[in-house]
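Enquirer: Have a look at this one.
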Amino acid sequence: MNHRELGGVGEVSEVGYGAWQIGSDWGEVTEDEAVAAVEAAREAGVDFFDTADVYGDGRSERILGETLADDIARGDVTVATKAGRRLDPHEPDGYTEANLRRFVDRSRENLGVETLDLVQLHCPPTDVYYRPETFDALATLESEGRIDASGVSVERVEEGLKAMAYPGVETVQIIFNPFRQRPAELFLDEAAARDVGVICRVPLASGLLTGALSRDDEFPEDDHRNYNREGDAFDVGETFAGVPFAAGLDAVDALDERLPDDRPLPEFALRWILDHDAVSTVIPGSTTPAHVRANAAASEAAPLDADEREAAADVYDEHVREHVHQRW
């Protein structure tokens, strides 16, 4: 497993583990399955884990805290969490120091730590990025020893660019994959210039870029790939990276026709992301240990060649760009 610098947070595995799936919104996942997936990630060399206080109302945090307790105590792993989406209603005025302190303290309890490694604002409304007092509140929580570092998780490139203007923002988490290529135009260069760490989520487009989905697939009622296809619950960009399901499957078919037989589609997608030097870590999520190990192995896979990069560009332009490029 290769490692990269994550802003001021320190060095982390370039393939991390996204722990949304072990919390909620992906169908039923037993605790035994969740623990097995986390253990498989550690065995594969993963030492960066990303979660949030709303994933299963704290379930994801608690499972990570218990499963990784010894690693956390030794400082062998970095666990990033997020705060803000517990607000109801989820409005800019709720991003106060008092509310953030309350959310952070709950996460500290869930994870069993005195100090959180990294706290990210959890895709707040755009207006929050224009409120310095919210970022001042994060600085206060850091000065109190509740958190070691702070960052943001954003929906849109413009939000990430604005967030980086605040000196305390060490990381920006953003959706970036072969079906969401816009961050490569400006965002990554700006992050590199400012030494801001970049965490890439939804790297496999909610399963589209695994190649394992088909037009006949049906998803459980509690799976966001069922109930959020139109953005009814949260930003539609979080589901299939915002690409309509049928269009995404067409794009996958087009990629399959052009990729070499020895390049699995998930490895292709993860390598495409990692081949951008400004990326710090990519956080695929899975509850299948074999998939977790395969994802981690992308760190050691060969970079894409010119033909593969051209295939990614052509398929994006033909099948995906019109659906996502100017939206996020």
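Residues in the structure tokens are numbered from 1 in each chain, the chains being A, B, ... in the order shown, and ligands are numbered from 1 in the order shown.
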Determine which residues of segment 50-159 of chain A DSSP labels as strand (DSSP E or B) from the backbone of this structure, then write them out as a PyMOL selection string.

Expert: chain A and resi 50+78-83+116+118-122+147+150-153

Enquirer: Give me the residues near segment 130-147 of chain A as a ChimeraX atom specification, where near means some atom within 12 Å (using only C-alpha atoms) and where sequence neighbours in that chain fewer than 6 positions away do not count.

Expert: /A:9,79-84,92-109,113-121,124,158-170

Enquirer: Could you check the closest approach to Ser214 of chain A for each of A:Phe234, A:Phe245, A:Phe187, A:Tyr129 and tell me which residue wins, using only C-alpha atoms?

Expert: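 Distance minimum relative to Ser214 of chain A lands on A:Phe245.
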
Enquirer: At a cut-off of 12 Å, using only C-alpha atoms, what residues contact segment 304-313 of chain A? Leave out same-chain residues fewer than 2 positions from it and give the result as number ranges by chain.

Expert: A: 177-182, 184, 209, 251-265, 267-276, 298, 301-302, 315-321

Enquirer: Within segment 194-242 of chain A, find each residue whose DSSP state, derived from the backbone, is alpha helix (DSSP H), and express the selection as a PyMOL selection string.

Expert: chain A and resi 194+224-227

Enquirer: Using Å and a single decimal, report how far atom CA of Phe176 of chain A sits from atom CA of Leu111 of chain A.

Expert: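 These two atoms are separated by 27.4 Å.
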
Enquirer: Please provide as number ranges by chain all residues within 9 Å of Pro289 of chain A, with the sequence filter that same-chain residues fewer than 5 positions apart are discarded (counting only C-alpha atoms).

Expert: A: 33, 36-41, 294

Enquirer: Between atom CA of Val54 of chain A and atom CA of Ser299 of chain A, what is the spacing in Å?

Expert: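 Separating atom CA of Ser299 of chain A from atom CA of Val54 of chain A is a distance of 29.0 Å.
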
Enquirer: At a cut-off of 7 Å, using only C-alpha atoms, what residues contact Asp47 of chain A? Leave out same-chain residues fewer than 3 positions from it and give the result as a count of residues only.

Expert: 7

Enquirer: Ranking A:Gln326, A:Phe48, A:Ala193, A:Thr287 by minimum distance to Glu31 of chain A and counting only C-alpha atoms, which one comes first?

Expert: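 Among the listed residues, A:Thr287 lies closest to Glu31 of chain A.
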
Enquirer: In Å to one decimal, how far is atom CA of Gly151 of chain A from atom CA of Ser24 of chain A?

Expert: 22.9 Å
